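> Compact mmCIF, C-alpha atoms and all ligand atoms, file data-v6.txt:
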```
# COMPACT_ATOMS: atom_id res chain seq x y z
CA MET A 291 35.32 -86.76 -1.75
CA ARG A 292 33.60 -85.78 -4.97
CA LYS A 293 34.26 -87.72 -8.10
CA VAL A 294 34.18 -86.70 -11.72
CA GLN A 295 31.62 -88.49 -13.83
CA GLY A 296 33.25 -90.97 -16.18
CA ASN A 297 36.56 -90.60 -14.39
CA ASP A 298 37.83 -94.10 -15.17
CA SER A 299 37.19 -93.54 -18.87
CA PHE A 300 39.09 -90.26 -18.77
CA GLN A 301 41.94 -92.00 -17.03
CA ARG A 302 41.86 -94.70 -19.67
CA MET A 303 41.96 -92.14 -22.49
CA ASN A 304 44.83 -90.39 -20.74
CA TYR A 305 46.75 -93.64 -20.48
CA LEU A 306 46.09 -94.52 -24.12
CA TYR A 307 47.31 -91.07 -25.12
CA GLN A 308 50.54 -91.65 -23.25
CA ILE A 309 51.23 -95.04 -24.82
CA SER A 310 50.25 -93.75 -28.26
CA LYS A 311 52.83 -91.00 -27.87
CA ASP A 312 55.39 -93.48 -26.61
CA MET A 313 54.93 -95.86 -29.54
CA ALA A 314 54.96 -93.12 -32.20
CA ASP A 315 58.66 -93.41 -33.01
CA LYS A 316 58.92 -97.17 -32.58
CA ASN A 317 55.83 -98.51 -34.29
CA PRO A 318 53.45 -96.05 -35.97
CA ILE A 319 50.93 -98.81 -36.65
CA LEU A 320 50.47 -99.53 -32.94
CA SER A 321 50.36 -95.81 -32.26
CA ALA A 322 47.49 -95.51 -34.73
CA TYR A 323 45.76 -98.47 -33.08
CA TYR A 324 45.88 -96.78 -29.66
CA GLY A 325 44.82 -93.45 -31.16
CA ASN A 326 41.89 -95.21 -32.77
CA LEU A 327 40.98 -96.62 -29.37
CA ILE A 328 40.97 -93.15 -27.76
CA ILE A 329 38.28 -92.07 -30.23
CA GLY A 330 36.46 -95.39 -29.78
CA VAL A 331 36.30 -95.09 -25.99
CA ALA A 332 35.18 -91.45 -26.23
CA LYS A 333 32.45 -92.43 -28.69
CA LYS A 334 31.20 -95.34 -26.58
CA THR A 335 31.09 -93.41 -23.32
CA VAL A 336 29.89 -90.14 -24.93
CA LEU A 337 32.74 -88.05 -23.53
CA LYS A 338 34.74 -85.37 -25.27
CA VAL A 339 38.35 -85.76 -26.26
CA HIS A 340 40.31 -82.68 -25.23
CA PRO A 341 41.13 -80.56 -28.31
CA ASP A 342 44.84 -80.66 -27.46
CA ILE A 343 44.82 -84.45 -27.77
CA LYS A 344 42.66 -84.38 -30.85
CA ARG A 345 44.98 -82.00 -32.67
CA GLN A 346 47.92 -84.32 -32.23
CA LEU A 347 46.24 -87.28 -33.91
CA CYS A 348 46.10 -87.77 -37.66
CA LYS A 349 42.58 -87.26 -38.89
CA LYS A 350 42.66 -90.19 -41.25
CA CYS A 351 44.59 -93.00 -39.55
CA ARG A 352 44.64 -91.56 -35.97
CA CYS A 353 48.38 -91.95 -35.76
CA PHE A 354 50.22 -89.71 -33.31
CA LEU A 355 51.84 -86.80 -35.15
CA VAL A 356 55.39 -85.89 -34.12
CA HIS A 357 57.44 -83.57 -36.30
CA ASN A 358 60.20 -85.35 -38.24
CA VAL A 359 59.15 -88.75 -36.86
CA THR A 360 55.66 -89.50 -38.07
CA ALA A 361 54.86 -86.20 -39.73
CA ASN A 362 56.39 -83.36 -41.73
CA MET A 363 55.70 -79.82 -40.68
CA LYS A 364 55.55 -76.97 -43.17
CA ILE A 365 54.61 -73.34 -42.87
CA LYS A 366 52.47 -72.19 -45.76
CA LYS A 367 51.08 -68.88 -46.85
CA LYS A 368 47.45 -68.82 -47.84
CA ASN A 369 46.12 -65.43 -48.94
CA LYS A 370 48.30 -63.40 -46.58
CA SER A 371 47.66 -65.61 -43.53
CA LYS A 372 50.13 -68.24 -42.45
CA THR A 373 49.14 -71.83 -41.70
CA VAL A 374 51.05 -74.69 -40.17
CA GLU A 375 50.61 -77.85 -42.20
CA LEU A 376 51.33 -81.32 -40.87
CA GLN A 377 51.54 -84.22 -43.27
CA CYS A 378 51.21 -87.72 -41.82
CA SER A 379 53.91 -90.02 -43.21
CA THR A 380 51.87 -93.16 -42.53
CA CYS A 381 48.85 -92.41 -44.70
CA GLY A 382 49.70 -89.07 -46.30
CA ALA A 383 46.79 -87.03 -45.00
CA LYS A 384 47.33 -83.34 -44.29
CA ARG A 385 46.17 -81.24 -41.38
CA SER A 386 46.54 -77.50 -41.28
CA PHE A 387 46.20 -75.07 -38.43
CA PRO A 388 45.91 -71.28 -38.72
CA ALA A 389 48.85 -69.46 -37.21
CA LYS A 390 48.17 -65.75 -37.10
CA THR A 391 49.92 -64.05 -34.24
CA ASP A 392 47.42 -61.23 -33.81
CA LYS A 393 44.36 -63.45 -33.50
CA ASP A 394 43.21 -65.67 -30.66
CA TYR A 395 42.46 -69.14 -32.02
CA ARG A 396 41.81 -70.89 -28.72
CA VAL A 397 38.48 -72.64 -28.35
CA TRP A 398 36.30 -72.10 -25.30
CA VAL A 399 37.64 -75.08 -23.32
CA GLU A 400 41.19 -73.79 -23.52
CA LYS A 401 40.42 -70.33 -22.15
CA PRO A 402 41.15 -69.82 -18.46
CA ASP A 403 37.60 -68.75 -17.59
CA ALA A 404 36.23 -72.13 -18.73
CA VAL A 405 37.68 -73.75 -15.61
CA VAL A 406 35.15 -73.52 -12.81
CA GLU A 407 36.52 -76.01 -10.32
CA VAL A 408 39.43 -78.38 -10.10
CA ILE A 409 38.63 -81.76 -8.56
CA HIS A 410 41.50 -83.96 -7.55
CA MET B 287 9.36 -69.78 -81.15
CA SER B 288 5.90 -68.46 -81.90
CA SER B 289 4.29 -71.87 -81.59
CA GLU B 290 5.94 -72.32 -78.19
CA GLU B 291 4.69 -68.95 -77.02
CA THR B 292 1.16 -69.69 -78.05
CA PHE B 293 1.38 -73.06 -76.35
CA ASN B 294 2.58 -71.38 -73.14
CA LYS B 295 -0.21 -68.84 -73.32
CA GLY B 296 -2.77 -71.56 -73.84
CA ALA B 297 -1.40 -73.53 -70.89
CA ALA B 298 -1.44 -70.46 -68.62
CA GLU B 299 -5.03 -69.69 -69.56
CA ALA B 300 -6.00 -73.28 -68.89
CA ILE B 301 -4.45 -73.12 -65.42
CA VAL B 302 -6.22 -69.87 -64.57
CA GLY B 303 -9.50 -71.32 -65.80
CA PHE B 304 -8.96 -74.48 -63.74
CA LEU B 305 -8.21 -72.44 -60.61
CA ASN B 306 -11.24 -70.20 -61.18
CA ALA B 307 -13.43 -73.25 -61.34
CA ASN B 308 -12.01 -75.09 -58.33
CA VAL B 309 -10.81 -72.53 -55.75
CA ALA B 310 -13.25 -71.49 -53.05
CA LYS B 311 -15.18 -68.27 -53.74
CA SER B 312 -13.25 -66.24 -51.17
CA GLY B 313 -9.95 -67.12 -52.88
CA ILE B 314 -10.84 -66.10 -56.46
CA PRO B 315 -9.76 -62.41 -56.22
CA ASN B 316 -6.32 -63.51 -54.93
CA ILE B 317 -5.51 -65.84 -57.83
CA GLU B 318 -4.04 -63.11 -60.03
CA SER B 319 -1.63 -61.79 -57.39
CA GLU B 320 -0.60 -65.26 -56.17
CA LEU B 321 0.45 -66.32 -59.65
CA LYS B 322 2.65 -63.26 -60.13
CA LYS B 323 4.73 -63.94 -57.02
CA ASP B 324 8.44 -64.08 -57.62
CA PHE B 325 10.68 -66.30 -55.51
CA VAL B 326 13.78 -64.18 -55.09
CA LEU B 327 15.82 -66.65 -53.03
CA ALA B 328 15.19 -69.64 -55.31
CA LYS B 329 18.06 -68.73 -57.60
CA LYS B 330 20.58 -67.79 -54.89
CA ARG B 331 20.44 -71.08 -53.03
CA SER B 332 21.62 -73.11 -55.98
CA LYS B 333 24.87 -71.09 -56.21
CA ASP B 334 25.74 -71.76 -52.56
CA ARG B 335 25.27 -75.47 -52.95
CA LYS B 336 27.76 -75.64 -55.77
CA LYS B 337 30.38 -73.95 -53.62
CA ARG B 338 29.86 -76.31 -50.70
CA SER B 339 30.18 -79.47 -52.72
CA SER B 340 33.58 -78.45 -54.08
CA LYS B 341 35.15 -78.66 -50.59
CA LYS B 342 37.19 -81.79 -49.98
CA LYS B 343 36.53 -84.03 -47.02
CA VAL B 344 39.07 -86.02 -45.06
CA ARG B 345 37.63 -89.44 -44.64
CA CYS B 346 38.65 -92.23 -42.30
CA LEU B 347 40.67 -95.10 -43.64
CA THR B 348 38.65 -97.84 -45.22
CA ARG B 349 39.20 -101.43 -44.23
CA ALA B 350 41.08 -102.22 -47.42
CA GLU B 351 43.40 -99.26 -46.95
CA LYS B 352 44.05 -100.31 -43.37
CA LYS B 353 44.92 -103.79 -44.50
CA GLU B 354 47.33 -102.41 -47.05
CA LEU B 355 49.14 -100.40 -44.38
CA GLY B 356 49.39 -103.53 -42.23
CA PHE B 357 47.03 -102.65 -39.39
CA TYR B 358 45.82 -106.19 -38.90
CA ALA B 359 48.88 -108.35 -39.41
CA ILE B 360 51.68 -107.69 -36.96
CA PRO B 361 54.70 -109.72 -38.02
CA ARG B 362 55.99 -112.41 -35.68
CA HIS B 363 59.31 -110.72 -35.06
CA GLY B 364 58.12 -107.16 -35.73
CA VAL B 365 57.99 -105.83 -32.18
CA GLN B 366 60.99 -105.67 -29.86
CA TYR B 367 60.50 -106.46 -26.19
CA LYS B 368 62.71 -103.60 -25.03
CA ASP B 369 60.64 -101.14 -27.07
CA ILE B 370 57.47 -101.92 -25.18
CA LEU B 371 59.04 -102.21 -21.73
CA PRO B 372 58.25 -98.54 -20.92
CA LEU B 373 54.63 -99.34 -21.80
CA ASN B 374 54.53 -101.76 -18.88
CA GLN B 375 55.92 -99.17 -16.48
CA ILE B 376 53.31 -96.59 -17.52
CA TRP B 377 50.65 -99.26 -17.18
CA LEU B 378 51.61 -100.15 -13.61
CA GLN B 379 51.34 -96.50 -12.68
CA TYR B 380 47.99 -96.20 -14.41
CA ILE B 381 46.47 -99.31 -12.87
CA SER B 382 47.49 -98.35 -9.35
CA ASP B 383 45.93 -94.94 -9.98
CA VAL B 384 42.66 -96.40 -11.25
CA LEU B 385 42.29 -99.08 -8.58
CA GLU B 386 43.59 -96.81 -5.79
CA LEU B 387 46.05 -99.41 -4.63
CA ASP B 388 47.91 -96.88 -2.49
CA ASN B 389 45.16 -96.73 0.10
CA SER B 390 44.34 -100.35 0.70
CA ILE B 391 44.38 -103.69 -0.97
CA PRO B 392 40.80 -104.96 -1.20
CA ASP B 393 39.75 -108.39 -0.04
CA PRO B 394 37.07 -110.62 -1.58
CA THR B 395 35.16 -110.48 1.69
CA MET B 396 35.01 -106.69 1.79
CA LYS B 397 32.14 -104.60 0.50
CA VAL B 398 34.29 -102.68 -1.96
CA TRP B 399 35.20 -105.91 -3.76
CA GLU B 400 32.44 -105.57 -6.31
CA ASN B 401 33.48 -102.03 -7.08
CA PHE B 402 37.06 -103.17 -7.44
CA THR B 403 36.24 -105.90 -9.95
CA GLN B 404 34.05 -103.51 -11.91
CA THR B 405 36.85 -100.97 -12.31
CA LEU B 406 39.32 -103.70 -13.18
CA TYR B 407 36.95 -104.90 -15.87
CA LYS B 408 36.69 -101.39 -17.31
CA ALA B 409 40.42 -100.74 -17.20
CA ASP B 410 42.76 -101.07 -20.12
CA PHE B 411 44.96 -104.12 -20.55
CA HIS B 412 47.37 -102.79 -23.16
CA GLY B 413 50.81 -102.88 -21.60
CA SER B 414 50.02 -105.36 -18.84
CA TYR B 415 52.26 -108.32 -18.15
CA LEU B 416 50.12 -111.40 -18.79
CA LYS B 417 50.87 -114.99 -18.00
CA VAL B 418 48.76 -117.95 -19.03
CA ILE B 419 48.42 -120.26 -16.04
CA ARG B 420 45.72 -122.60 -17.28
CA SER B 421 44.37 -123.36 -20.71
CA LYS B 422 42.47 -125.95 -22.65
CA CYS B 423 45.36 -126.02 -25.07
CA PRO B 424 48.49 -127.32 -23.30
CA SER B 425 50.96 -125.56 -25.60
CA LEU B 426 49.68 -122.15 -24.48
CA VAL B 427 50.31 -122.77 -20.78
CA ASP B 428 53.18 -120.78 -19.26
CA LYS B 429 53.37 -118.30 -22.11
CA SER B 430 53.97 -114.82 -20.82
CA GLY B 431 54.57 -111.34 -22.17
CA ILE B 432 53.36 -107.79 -22.49
CA CYS B 433 49.97 -107.31 -24.12
CA ILE B 434 50.05 -104.97 -27.12
CA MET B 435 46.70 -105.63 -28.73
CA ASP B 436 43.33 -106.52 -27.35
CA THR B 437 40.62 -107.73 -29.69
CA LYS B 438 37.24 -109.28 -29.04
CA ASN B 439 38.50 -112.83 -28.72
CA THR B 440 42.27 -112.62 -28.52
CA PHE B 441 45.23 -111.00 -26.81
CA LYS B 442 48.41 -110.30 -28.75
CA ILE B 443 51.43 -110.56 -26.49
CA VAL B 444 55.14 -110.00 -26.97
CA SER B 445 57.36 -112.31 -24.95
CA GLU B 446 60.93 -111.68 -23.75
CA ASN B 447 62.47 -113.34 -26.81
CA ASN B 448 60.76 -110.83 -29.16
CA ILE B 449 58.12 -113.22 -30.45
CA THR B 450 54.62 -111.91 -30.96
CA CYS B 451 51.89 -114.45 -30.51
CA THR B 452 48.12 -114.47 -30.38
CA ILE B 453 46.28 -116.08 -27.50
CA PRO B 454 42.55 -116.79 -27.50
CA LYS B 455 40.81 -115.39 -24.42
CA ARG B 456 37.97 -117.80 -24.07
CA ASP B 457 39.76 -120.94 -23.00
CA CYS B 458 42.56 -119.45 -20.95
CA VAL B 459 43.10 -118.25 -17.40
CA PHE B 460 45.48 -115.32 -17.08
CA GLU B 461 47.54 -114.00 -14.26
CA ILE B 462 48.43 -110.32 -14.00
CA ASP B 463 51.33 -109.12 -11.92
CA LEU B 464 50.44 -105.94 -9.99
CA GLN B 465 53.72 -105.77 -8.06
CA LYS B 466 52.08 -105.97 -4.61
CA PHE B 467 49.92 -108.96 -5.47
CA LYS B 468 48.72 -111.05 -8.35
CA VAL B 469 45.28 -111.14 -9.96
CA THR B 470 43.83 -114.16 -11.69
CA LEU B 471 41.53 -113.39 -14.59
CA PHE B 472 39.22 -115.72 -16.43
CA GLY B 473 39.55 -114.87 -20.08
CA LYS B 474 36.01 -115.99 -20.71
CA LEU B 475 34.67 -112.89 -18.97
CA LEU B 476 36.85 -110.52 -20.96
CA CYS B 477 35.40 -111.42 -24.35
CA ALA B 478 34.41 -107.97 -25.57
CA ARG B 479 35.91 -105.31 -27.75
CA PRO B 480 38.21 -103.04 -25.75
CA ALA B 481 36.22 -99.89 -26.52
CA GLU B 482 32.93 -101.55 -25.71
CA ARG B 483 34.19 -102.86 -22.38
CA SER B 484 34.21 -99.38 -20.85
CA THR B 485 30.42 -99.14 -21.01
CA LYS B 486 29.47 -102.77 -20.47
CA LYS B 487 28.65 -104.07 -17.04
CA LEU B 488 30.03 -107.27 -15.66
CA LYS B 489 27.25 -109.72 -15.06
CA GLY B 490 27.03 -111.33 -11.64
CA ASN B 491 28.69 -114.52 -10.54
CA MET B 492 29.61 -116.60 -13.49
CA ARG B 493 30.97 -119.99 -12.68
CA PRO B 494 34.25 -120.87 -14.29
CA ASP B 495 34.21 -124.30 -15.88
CA LEU B 496 37.89 -124.79 -16.39
ZN ZN C 501 47.70 -90.55 -40.97
```
For this file, produce the structure as structure tokens.
Ligand SMILES: [Zn+2]


Amino acid sequence: MRKVQGNDSFQRMNYLYQISKDMADKNPILSAYYGNLIIGVAKKTVLKVHPDIKRQLCKKCRCFLVHNVTANMKIKKKNKSKTVELQCSTCGAKRSFPAKTDKDYRVWVEKPDAVVEVIH
Amino acid sequence: MSSEETFNKGAAEAIVGFLNANVAKSGIPNIESELKKDFVLAKKRSKDRKKRSSKKKVRCLTRAEKKELGFYAIPRHGVQYKDILPLNQIWLQYISDVLELDNSIPDPTMKVWENFTQTLYKADFHGSYLKVIRSKCPSLVDKSGICIMDTKNTFKIVSENNITCTIPKRDCVFEIDLQKFKVTLFGKLLCARPAERSTKKLKGNMRPDL
């Protein structure tokens, strides 16, 4: 059986992501601590955090962002294009994502032809 | 104005004279054309730089800001045991996935034992149910709870009666409940930051002195 390189670190990041999400509504400070650890493990082992995970963490305090729980979502108009803005309620930092319907904003990893092989 | 112009002229003549005297003979005919060169891009670059600097950067929290938000001090009664109970269930699933406990339970005599300890060392301990079975400090013995924080020298655990307490790793022996069996861990070997532990390698047989 083939194994993925750095599999145990990926599993660890996956687990930390789960508990960070779980703690988001109960204790945002602990959620931020686990989010911080995801980045720390990825930095130490030189692996990439999946963009989907990265987008759900606050950029400043690494707290997990859930609408109406740890963050406030707003839709804003910036020179004719709409953006979704998330404001973290722990530290107050803002993140915004473009939300045009006629444009493809996915990065390369998220496109279906980036998957070559699935190893279980 | 006029005095400045004459000064400039004088300086320019001096430079040309200096170059005429010092440049190699083959270079003398080129001096005139080299001096008249105009750097078109020199002015454009400065405009771009001004634009770039105006953009705001999102920086990480500084240590002082973190302290203000209460990242370091978790209050004694701040965490409820029932809130972190699901953490323990997720952890049991995770640890059996990482250690592949479904296939077989390793034995210290088997060859895979070293591999097993290595993966256990690299695994995460947040959410595990820890129990202190031996310690240099008698008041710490028999304390148990779910680990919520893991620092270089301490574990923070929450016990059933909602009390958060800090336990030093170095002088304690812990027991982890893995449902099928129990693992005894010497806290002395776990003294590393949680993020660093995933790259560090466990050094060979260290003798416990407790
Ligand atoms: Zn934040």

> Using only C-alpha atoms and a distance of at most 6 Å, pull out the residues of chain A that contact chain B, as an NGL selection string.

:A and (330-331 or 350)

> Hey, which of A:Arg302, A:Lys338, A:Arg385, A:Lys316 ends up closest to ligand ZN 501 (chain C)? Count all atoms listed in the file.

A:Arg385

> Kindly work out which residues sit at most 10 Å from ligand ZN 501 (chain C), using only C-alpha atoms and all ligand atoms, and give the list as an MDAnalysis selection string.

(chainID A and resid 318:319 322 347:355 360:361 376:385) or (chainID B and resid 346:347)
